[in-house]
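Enquirer: structure02.cif (mmCIF, C-alpha atoms) pasted underneath:
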data_protein
#
loop_
_atom_site.label_atom_id
_atom_site.label_comp_id
_atom_site.auth_asym_id
_atom_site.auth_seq_id
_atom_site.Cartn_x
_atom_site.Cartn_y
_atom_site.Cartn_z
CA MET A 1 7.27 4.25 10.59
CA ARG A 2 6.14 1.08 12.29
CA ALA A 3 3.95 1.22 15.35
CA ALA A 4 5.39 0.03 18.64
CA THR A 5 4.77 -3.64 19.32
CA THR A 6 2.90 -3.29 22.59
CA THR A 7 -0.67 -2.61 23.68
CA SER A 8 0.14 1.00 22.95
CA GLY A 9 0.80 0.02 19.34
CA LEU A 10 -2.70 0.94 18.27
CA LEU A 11 -2.51 4.24 20.10
CA ALA A 12 0.86 5.02 18.57
CA GLY A 13 -0.58 4.22 15.17
CA ALA A 14 -3.47 6.59 15.74
CA LEU A 15 -1.13 9.35 16.86
CA PHE A 16 1.01 8.78 13.79
CA ALA A 17 -2.02 9.14 11.59
CA ALA A 18 -3.25 12.26 13.33
CA CYS A 19 -0.02 14.21 13.61
CA GLY A 20 1.80 15.81 10.68
CA SER A 21 5.52 15.26 10.32
CA THR A 22 8.02 16.24 7.67
CA SER A 23 11.40 14.85 6.71
CA VAL A 24 13.95 16.36 4.33
CA VAL A 25 16.88 14.69 2.57
CA ASN A 26 19.42 16.79 0.65
CA GLN A 27 21.94 15.89 -2.01
CA ARG A 28 24.68 18.15 -3.30
CA ASP A 29 27.15 18.05 -6.18
CA GLU A 30 30.47 18.28 -4.37
CA THR A 31 32.25 19.27 -7.57
CA ALA A 32 30.13 22.40 -8.08
CA THR A 33 31.66 25.78 -7.22
CA PHE A 34 28.89 27.32 -5.21
CA ASP A 35 30.64 30.60 -4.47
CA ARG A 36 30.28 31.75 -8.06
CA TYR A 37 26.48 31.56 -7.99
CA GLN A 38 24.90 34.95 -7.32
CA SER A 39 21.47 34.86 -8.93
CA PHE A 40 18.57 32.51 -9.55
CA THR A 41 15.34 32.15 -11.44
CA ILE A 42 12.38 29.93 -10.62
CA GLU A 43 10.70 27.63 -13.10
CA PRO A 44 7.35 26.55 -11.64
CA GLY A 45 6.88 22.80 -11.59
CA PRO A 46 3.89 20.46 -11.51
CA VAL A 47 1.83 19.92 -8.37
CA THR A 48 -0.09 16.68 -8.88
CA THR A 49 -2.60 14.79 -6.79
CA ASP A 50 -4.12 11.35 -6.95
CA ASP A 51 -7.54 12.74 -7.77
CA ALA A 52 -9.38 11.07 -10.60
CA VAL A 53 -9.53 14.33 -12.52
CA THR A 54 -8.44 17.93 -12.24
CA ALA A 55 -9.72 21.13 -13.74
CA GLY A 56 -6.32 22.70 -14.38
CA PRO A 57 -2.87 23.33 -12.88
CA ASN A 58 -2.76 23.85 -9.13
CA GLN A 59 -1.67 27.48 -9.32
CA LEU A 60 -2.44 28.10 -5.65
CA ALA A 61 0.13 25.54 -4.52
CA GLN A 62 2.58 26.63 -7.23
CA ARG A 63 2.46 30.25 -6.09
CA ARG A 64 3.10 29.22 -2.49
CA VAL A 65 6.09 27.10 -3.45
CA ASP A 66 7.45 29.82 -5.78
CA GLU A 67 7.20 32.49 -3.10
CA SER A 68 8.77 30.28 -0.46
CA ILE A 69 11.66 29.39 -2.77
CA GLY A 70 12.17 33.07 -3.57
CA SER A 71 12.34 33.94 0.12
CA ALA A 72 14.66 31.06 0.96
CA MET A 73 17.08 31.85 -1.87
CA ALA A 74 17.07 35.56 -1.00
CA ALA A 75 17.94 34.61 2.57
CA LYS A 76 21.01 32.89 1.12
CA GLY A 77 22.12 36.14 -0.47
CA LEU A 78 21.07 35.18 -4.01
CA SER A 79 19.26 37.68 -6.19
CA PRO A 80 16.36 36.95 -8.55
CA ALA A 81 17.20 37.36 -12.23
CA LYS A 82 15.66 36.79 -15.63
CA SER A 83 15.65 33.24 -16.87
CA ASP A 84 18.35 33.81 -19.49
CA GLU A 85 20.64 35.67 -17.09
CA ALA A 86 20.41 33.67 -13.86
CA ASP A 87 23.31 31.62 -12.54
CA LEU A 88 20.90 29.00 -11.19
CA ILE A 89 17.51 27.61 -12.17
CA VAL A 90 15.35 26.41 -9.29
CA THR A 91 12.57 24.07 -10.23
CA TYR A 92 10.46 21.52 -8.42
CA SER A 93 7.84 18.82 -8.60
CA ALA A 94 5.25 18.20 -5.94
CA SER A 95 2.62 15.57 -5.31
CA GLU A 96 -0.03 14.78 -2.77
CA ARG A 97 -1.75 11.41 -2.44
CA ASP A 98 -3.38 8.93 -0.10
CA ARG A 99 -1.20 6.10 1.10
CA GLN A 100 -1.85 2.90 2.98
CA GLU A 101 0.63 0.93 4.99
CA LEU A 102 0.30 -2.44 6.64
CA VAL A 103 1.51 -2.37 10.21
CA ARG A 104 2.29 -5.47 12.19
CA GLY A 105 2.28 -5.45 15.92
CA ARG A 106 1.86 -7.72 18.87
CA MET A 107 -0.81 -7.08 21.45
CA GLY A 108 0.59 -6.60 24.93
CA PRO A 109 -0.84 -8.04 28.11
CA VAL A 110 -4.60 -7.80 28.31
CA VAL A 111 -6.38 -9.67 31.03
CA GLY A 112 -3.01 -11.24 31.76
CA THR A 113 -2.45 -13.04 28.44
CA PHE A 114 -0.83 -12.34 25.07
CA SER A 115 -2.45 -12.88 21.72
CA GLY A 116 -0.66 -13.59 18.43
CA THR A 117 0.63 -11.02 15.94
CA ASP A 118 -1.83 -8.37 14.75
CA LEU A 119 -2.02 -6.64 11.44
CA TRP A 120 -3.70 -3.34 10.77
CA VAL A 121 -3.92 -0.72 8.05
CA GLN A 122 -2.45 2.74 8.50
CA ASP A 123 -4.05 5.41 6.31
CA TYR A 124 -2.29 8.72 5.75
CA ARG A 125 -1.89 11.54 3.27
CA GLU A 126 1.59 12.08 1.86
CA ALA A 127 2.81 15.40 0.48
CA ARG A 128 6.10 15.18 -1.40
CA LEU A 129 8.24 18.04 -2.72
CA VAL A 130 11.44 17.66 -4.73
CA ILE A 131 13.43 20.86 -5.35
CA ASP A 132 16.21 20.84 -7.95
CA VAL A 133 18.75 23.62 -8.33
CA VAL A 134 20.32 23.45 -11.76
CA ASP A 135 23.42 25.10 -13.22
CA PRO A 136 22.17 26.16 -16.69
CA VAL A 137 25.71 26.23 -18.11
CA SER A 138 26.59 22.64 -17.20
CA GLN A 139 22.92 21.53 -17.25
CA LYS A 140 23.64 19.64 -14.04
CA VAL A 141 21.67 19.47 -10.82
CA VAL A 142 23.95 20.96 -8.17
CA TRP A 143 21.45 20.55 -5.31
CA ARG A 144 18.42 18.37 -4.72
CA SER A 145 16.09 18.38 -1.72
CA THR A 146 13.42 15.74 -1.20
CA ALA A 147 10.84 16.55 1.42
CA ARG A 148 8.12 14.20 2.55
CA GLY A 149 5.28 15.31 4.79
CA LEU A 150 2.92 12.85 6.44
CA ASN A 151 -0.65 14.07 6.85
CA GLN A 152 0.37 17.38 5.34
CA THR A 153 -1.03 19.31 2.41
CA PHE A 154 0.07 22.00 -0.01
CA ARG A 155 -3.17 23.78 0.88
CA ASP A 156 -1.46 24.74 4.14
CA PRO A 157 0.75 27.85 3.56
CA GLU A 158 2.67 27.20 6.78
CA PHE A 159 3.61 23.66 5.70
CA VAL A 160 4.88 24.96 2.36
CA THR A 161 6.90 27.78 3.90
CA LYS A 162 8.51 25.60 6.56
CA THR A 163 9.22 22.72 4.21
CA VAL A 164 10.90 24.87 1.56
CA ALA A 165 12.91 26.66 4.25
CA ALA A 166 14.04 23.33 5.67
CA ALA A 167 14.84 22.00 2.19
CA LEU A 168 17.09 24.95 1.32
CA GLU A 169 18.51 25.59 4.79
CA GLY A 170 21.74 23.77 3.93
CA PHE A 171 22.18 25.41 0.54
CA PRO A 172 25.49 27.33 0.50
CA ARG A 173 25.24 31.08 0.92
CA ALA A 174 26.30 33.34 -1.93
CA PRO A 175 29.59 35.17 -1.22
CA PRO A 176 29.25 38.74 0.08
CA LYS A 177 29.07 41.33 -2.71
CA SER A 178 32.44 42.82 -1.70
CA MET A 179 34.11 39.49 -2.48
CA ARG A 180 32.41 38.91 -5.83
CA THR A 181 34.61 39.18 -8.95
CA ASP A 182 33.53 41.64 -11.63
CA THR A 183 34.19 39.37 -14.63
CA GLU A 184 33.08 41.99 -17.15
CA ASN A 185 36.24 44.05 -16.53
CA VAL A 186 38.68 41.19 -17.02
CA ASP A 187 40.80 41.65 -20.19
CA MET B 1 -19.05 -13.05 16.80
CA ARG B 2 -16.18 -12.55 14.36
CA ALA B 3 -18.53 -12.91 11.41
CA ALA B 4 -20.98 -10.40 12.88
CA LEU B 5 -18.24 -7.86 13.50
CA ALA B 6 -16.81 -8.37 10.04
CA ILE B 7 -20.22 -7.90 8.42
CA ALA B 8 -20.92 -4.78 10.48
CA ILE B 9 -17.63 -3.18 9.57
CA SER B 10 -17.95 -4.14 5.93
CA THR B 11 -21.38 -2.56 5.82
CA LEU B 12 -20.09 0.65 7.34
CA ALA B 13 -17.17 0.61 4.96
CA GLY B 14 -19.51 0.35 2.01
CA CYS B 15 -21.61 3.40 2.93
CA ALA B 16 -21.64 6.38 0.58
CA THR B 17 -19.64 9.36 1.83
CA THR B 18 -18.85 12.78 0.39
CA SER B 19 -15.99 15.00 1.50
CA VAL B 20 -15.10 18.48 0.32
CA LYS B 21 -11.77 20.30 0.67
CA THR B 22 -11.14 23.83 -0.48
CA ASP B 23 -8.18 26.12 -1.08
CA TYR B 24 -8.02 29.76 -2.06
CA ASP B 25 -5.75 32.72 -2.67
CA HIS B 26 -5.52 34.35 0.75
CA ARG B 27 -4.56 37.70 -0.80
CA ALA B 28 -7.43 37.94 -3.29
CA ASP B 29 -10.14 40.52 -2.66
CA PHE B 30 -13.28 38.50 -3.32
CA THR B 31 -15.56 41.44 -2.56
CA ARG B 32 -14.99 42.96 -5.99
CA TYR B 33 -16.31 40.02 -7.99
CA ARG B 34 -20.00 40.17 -8.90
CA THR B 35 -20.45 38.16 -12.10
CA TYR B 36 -19.37 34.81 -13.47
CA ALA B 37 -19.33 32.72 -16.63
CA ILE B 38 -19.09 28.94 -16.80
CA ARG B 39 -16.41 27.44 -18.98
CA PRO B 40 -17.02 23.77 -19.82
CA GLY B 41 -14.56 21.55 -17.99
CA ARG B 42 -13.06 18.10 -18.23
CA LEU B 43 -14.91 14.83 -17.81
CA ALA B 44 -13.15 11.49 -17.32
CA ILE B 45 -13.89 7.86 -16.55
CA GLU B 46 -11.06 5.75 -15.12
CA ARG B 47 -8.75 8.67 -16.10
CA MET B 48 -9.79 8.48 -19.75
CA ALA B 49 -11.29 11.62 -21.24
CA ASN B 50 -15.05 11.46 -21.68
CA PRO B 51 -15.87 14.73 -23.46
CA ASN B 52 -19.23 13.73 -24.94
CA ASP B 53 -21.15 13.14 -21.72
CA SER B 54 -23.55 16.02 -22.16
CA LEU B 55 -25.89 14.68 -19.46
CA VAL B 56 -23.27 15.07 -16.75
CA ARG B 57 -22.08 18.36 -18.20
CA ASP B 58 -25.59 19.83 -18.12
CA ARG B 59 -26.17 18.60 -14.58
CA ILE B 60 -22.97 20.24 -13.39
CA HIS B 61 -23.80 23.49 -15.18
CA ASP B 62 -27.31 23.57 -13.68
CA ALA B 63 -25.98 22.91 -10.17
CA LEU B 64 -23.34 25.61 -10.56
CA ARG B 65 -25.84 28.17 -11.82
CA GLN B 66 -28.18 27.52 -8.93
CA GLY B 67 -25.41 27.52 -6.36
CA LEU B 68 -23.78 30.70 -7.64
CA ALA B 69 -27.12 32.48 -7.87
CA ARG B 70 -27.74 31.62 -4.20
CA ARG B 71 -24.45 33.33 -3.44
CA GLY B 72 -25.56 36.51 -5.17
CA LEU B 73 -23.39 36.16 -8.28
CA ALA B 74 -24.92 36.98 -11.65
CA ALA B 75 -24.27 35.10 -14.86
CA GLU B 76 -22.68 36.90 -17.78
CA PRO B 77 -21.10 35.81 -21.06
CA LEU B 78 -17.47 34.72 -21.19
CA GLY B 79 -15.41 37.81 -21.90
CA THR B 80 -17.39 40.22 -19.75
CA ALA B 81 -17.76 38.29 -16.49
CA ASP B 82 -15.50 38.97 -13.49
CA LEU B 83 -14.96 35.29 -12.77
CA ILE B 84 -14.64 32.10 -14.80
CA VAL B 85 -16.00 28.96 -13.15
CA THR B 86 -14.81 25.68 -14.57
CA TYR B 87 -14.56 22.13 -13.36
CA GLY B 88 -13.24 18.61 -13.73
CA ALA B 89 -15.38 15.56 -12.99
CA GLY B 90 -14.55 11.90 -13.09
CA ALA B 91 -14.73 8.52 -11.45
CA GLU B 92 -12.29 5.72 -10.95
CA THR B 93 -12.05 2.41 -9.15
CA LYS B 94 -9.59 2.33 -6.28
CA ARG B 95 -8.40 -0.76 -4.49
CA GLU B 96 -7.83 -0.30 -0.80
CA LEU B 97 -6.97 -2.39 2.21
CA VAL B 98 -9.54 -2.86 4.95
CA GLU B 99 -9.02 -4.31 8.38
CA THR B 100 -11.49 -5.96 10.69
CA LEU B 101 -11.40 -6.64 14.36
CA GLY B 102 -11.21 -10.31 15.14
CA GLY B 103 -12.63 -12.17 18.06
CA GLY B 104 -10.39 -13.01 20.94
CA ILE B 105 -9.20 -15.77 23.14
CA GLU B 106 -9.82 -15.24 26.84
CA GLY B 107 -10.88 -11.64 26.27
CA ASN B 108 -8.09 -10.47 23.96
CA TYR B 109 -9.03 -8.59 20.77
CA GLY B 110 -6.86 -7.52 17.92
CA ALA B 111 -7.00 -6.55 14.25
CA ASP B 112 -6.02 -9.72 12.46
CA ASN B 113 -8.04 -9.75 9.26
CA VAL B 114 -6.99 -7.60 6.34
CA TRP B 115 -8.40 -7.80 2.88
CA SER B 116 -8.71 -5.61 -0.18
CA ARG B 117 -11.85 -4.10 -1.67
CA ASP B 118 -12.67 -2.04 -4.73
CA VAL B 119 -14.16 1.38 -4.06
CA GLN B 120 -15.83 3.60 -6.63
CA GLN B 121 -14.59 7.14 -6.10
CA GLY B 122 -16.17 10.09 -7.85
CA THR B 123 -14.39 13.45 -7.93
CA LEU B 124 -15.69 16.91 -8.76
CA VAL B 125 -13.14 19.74 -8.86
CA ILE B 126 -14.45 23.29 -9.18
CA ASP B 127 -12.07 26.12 -10.09
CA VAL B 128 -12.85 29.82 -9.86
CA LEU B 129 -10.47 31.94 -11.91
CA GLU B 130 -10.10 35.66 -12.44
CA SER B 131 -11.32 36.53 -15.90
CA GLY B 132 -8.65 37.88 -18.22
CA SER B 133 -5.65 36.67 -16.23
CA ASP B 134 -6.90 33.08 -15.70
CA ARG B 135 -5.41 33.34 -12.25
CA LEU B 136 -6.75 30.60 -10.00
CA LEU B 137 -8.48 32.17 -7.01
CA TRP B 138 -10.35 29.26 -5.43
CA ARG B 139 -10.53 25.50 -5.80
CA SER B 140 -12.73 22.88 -4.24
CA ILE B 141 -12.30 19.12 -4.47
CA ALA B 142 -15.33 17.01 -3.64
CA LYS B 143 -14.93 13.26 -3.43
CA GLY B 144 -17.65 10.70 -3.07
CA GLU B 145 -17.08 7.07 -2.27
CA ASN B 146 -19.44 4.38 -3.43
CA GLN B 147 -21.51 6.93 -5.27
CA ASP B 148 -22.37 7.40 -8.89
CA PHE B 149 -20.63 10.68 -9.70
CA ARG B 150 -22.96 11.08 -12.69
CA SER B 151 -26.07 11.15 -10.51
CA PRO B 152 -27.88 14.48 -9.95
CA GLU B 153 -27.89 13.77 -6.21
CA PHE B 154 -24.11 13.54 -5.95
CA ILE B 155 -23.54 16.52 -8.25
CA ASP B 156 -26.04 18.74 -6.43
CA ARG B 157 -24.68 17.81 -3.01
CA ALA B 158 -21.04 18.18 -4.03
CA VAL B 159 -21.61 21.56 -5.69
CA ASP B 160 -23.70 22.82 -2.78
CA GLN B 161 -21.13 21.78 -0.16
CA ALA B 162 -18.28 23.20 -2.22
CA LEU B 163 -19.83 26.59 -2.99
CA SER B 164 -20.88 27.06 0.64
CA GLN B 165 -17.16 27.54 1.32
CA CYS B 166 -16.46 29.95 -1.55
CA PRO B 167 -15.51 33.48 -0.37
CA ALA B 168 -17.03 35.12 -3.47
CA ASN B 169 -20.62 36.03 -2.76
CA GLY B 170 -21.42 38.96 -5.01
CA ARG B 171 -22.44 41.07 -2.07
CA GLY B 172 -19.13 42.85 -1.48
CA ALA B 173 -18.77 46.54 -0.86
CA SER B 174 -19.37 48.65 -3.96
#
Is it possible to give me this structure as structure tokens?
Expert:
Amino acid sequence: MRAATTTSGLLAGALFAACGSTSVVNQRDETATFDRYQSFTIEPGPVTTDDAVTAGPNQLAQRRVDESIGSAMAAKGLSPAKSDEADLIVTYSASERDRQELVRGRMGPVVGTFSGTDLWVQDYREARLVIDVVDPVSQKVVWRSTARGLNQTFRDPEFVTKTVAAALEGFPRAPPKSMRTDTENVD
Amino acid sequence: MRAALAIAISTLAGCATTSVKTDYDHRADFTRYRTYAIRPGRLAIERMANPNDSLVRDRIHDALRQGLARRGLAAEPLGTADLIVTYGAGAETKRELVETLGGGIEGNYGADNVWSRDVQQGTLVIDVLESGSDRLLWRSIAKGENQDFRSPEFIDRAVDQALSQCPANGRGAS
């Protein structure tokens, strides 16, 4: 996001840095038959940071993401199942790091005159979450959500819950149980 | 004027700073943990493992023992303690962009000088896990800029600031 090119450019930049915002982009395999998926399992993924060193896996963030995914998938009518029985595998990768962006703006009227173009540095923290939903039979990703949060962190349970919910909001609902086919009884 | 401003901002930019962030399991009952054991952690320089730095390792262990004792937790051997305390410590050089405010013409001021600088960043991560399950209960990440992460001063300050935010204090209800 580029700051506005007026005297309020600096203020806008400061607001951008201070406020958290999240964007989500979804992709879907249009050839997948979503109404045959009834269950899921979660495979925890890595949560990495740009720290110089870490003591071990970030289990705190992983648990939050796992729980949020479980809630979101249940809200879609899908049931949790064992890894070798589930229709879908939901996995993810997450990262958090410092970013810098050069912003160019033009100072607006001050004391009645304009100066030349101005360049400043925008510092922010980026939290990124990619959720993949995989069909274990075809080994294909049938759904991918990419969420990017500015000045957000996986240490914030509310950010994790809202982001996962937004990422999976468009995922197709499982068909009602009354409409599901009992394949075990087919001759 | 421009040179003076640039020098002032560069000086401020080069000052040593330490920041600490923490995270914890909001559902854990920290009142039932009374003892701890330290498990040696990871040491790295520029993201390369540095396992033989016993000086830094001992400094971290000493700072942890003192800090945990102040919080009322007692040391016990691995295997019998309620909590395992481990860590990761390292330093790396980061290149970052810095801006300065330039002088103006007829009273206008704007940021028009941007350059890059190398910053030494030291990191100390402390993990507190539940013994037996190895379930992560609490994590702190202390970062120091323009500081020698191997120095006793940085280690003591980082550990002290981090543990001051740890919910486990060994004085829970019996």
Enquirer: Apply the PyMOL selection byres ((chain B) within 9 of (chain A)) to the file shown and report the selected residues as a VMD selection string.
Expert: chain B and resid 22 to 25 41 to 47 86 to 92 96 to 100 104 to 114 121 to 127 135 to 139 141 143
Enquirer: Name every residue that the PyMOL selection byres ((chain B and resi 20) around 7) selects in this structure, writing the answer as an NGL selection string with chains first and numbers rising.
Expert: :B and (18-19 or 21-22 or 140-143 or 161-162)
Enquirer: Record the distance separating atom CA of Gly72 of chain B and atom CA of Gly170 of chain B, expressed in Å with one decimal.
Expert: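 Going from atom CA of Gly72 of chain B over to atom CA of Gly170 of chain B, I get 4.8 Å.
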Enquirer: Could you pull the residues within 7 Å of Tyr33 of chain B, counting all atoms listed in the file, minus those fewer than 3 positions along the same chain, as a PyMOL selection string?
Expert: chain B and resi 30+82-83+168+170
Enquirer: Which one of A:Ala86, A:Val142, A:Ala81, A:Ala166 sits closest to Asp29 of chain A if you count all atoms listed in the file?
Expert: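 So, comparing all the options, the nearest one is A:Val142.
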Enquirer: Return the single residue from B:His26, B:Arg117, B:Arg150, B:Arg70 that is closest to Lys94 of chain B, with distances computed using all atoms listed in the file.
Expert: B:Arg117
Enquirer: Using the chain letters and numbers from this file, what does the PyMOL selection byres ((chain B and resi 84) around 6) select? Give the answer as an NGL selection string.
Expert: :B and (36-38 or 83 or 85 or 128-129 or 131)
Enquirer: Any chance you can output those residues with C-alpha atoms as a compact mmCIF listing (two decimals), in the frame of the given file?
Expert:
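What ended up in result.txt:
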# COMPACT_ATOMS: atom_id res chain seq x y z
CA TYR B 36 -19.37 34.81 -13.47
CA ALA B 37 -19.33 32.72 -16.63
CA ILE B 38 -19.09 28.94 -16.80
CA LEU B 83 -14.96 35.29 -12.77
CA VAL B 85 -16.00 28.96 -13.15
CA VAL B 128 -12.85 29.82 -9.86
CA LEU B 129 -10.47 31.94 -11.91
CA SER B 131 -11.32 36.53 -15.90
Enquirer: For segment 168-170 of chain A, list every protein, DNA or RNA residue within 8 Å, evaluated using all atoms listed in the file, and leave out those in the same chain fewer than 3 positions away; present the list as a ChimeraX atom specification.
Expert: /A:72-73,145,164-165
Enquirer: What's the separation between atom CA of Gln62 of chain A and atom CA of Gly20 of chain A, in Å to one decimal place?
Expert: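 We find that atom CA of Gln62 of chain A and atom CA of Gly20 of chain A lie 20.9 Å from each other.
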Enquirer: Rounded to one decimal place, report the atom CA of Val141 of chain A-atom CA of Glu85 of chain A distance in Å.
Expert: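 Atom CA of Val141 of chain A sits 17.4 Å away from atom CA of Glu85 of chain A.
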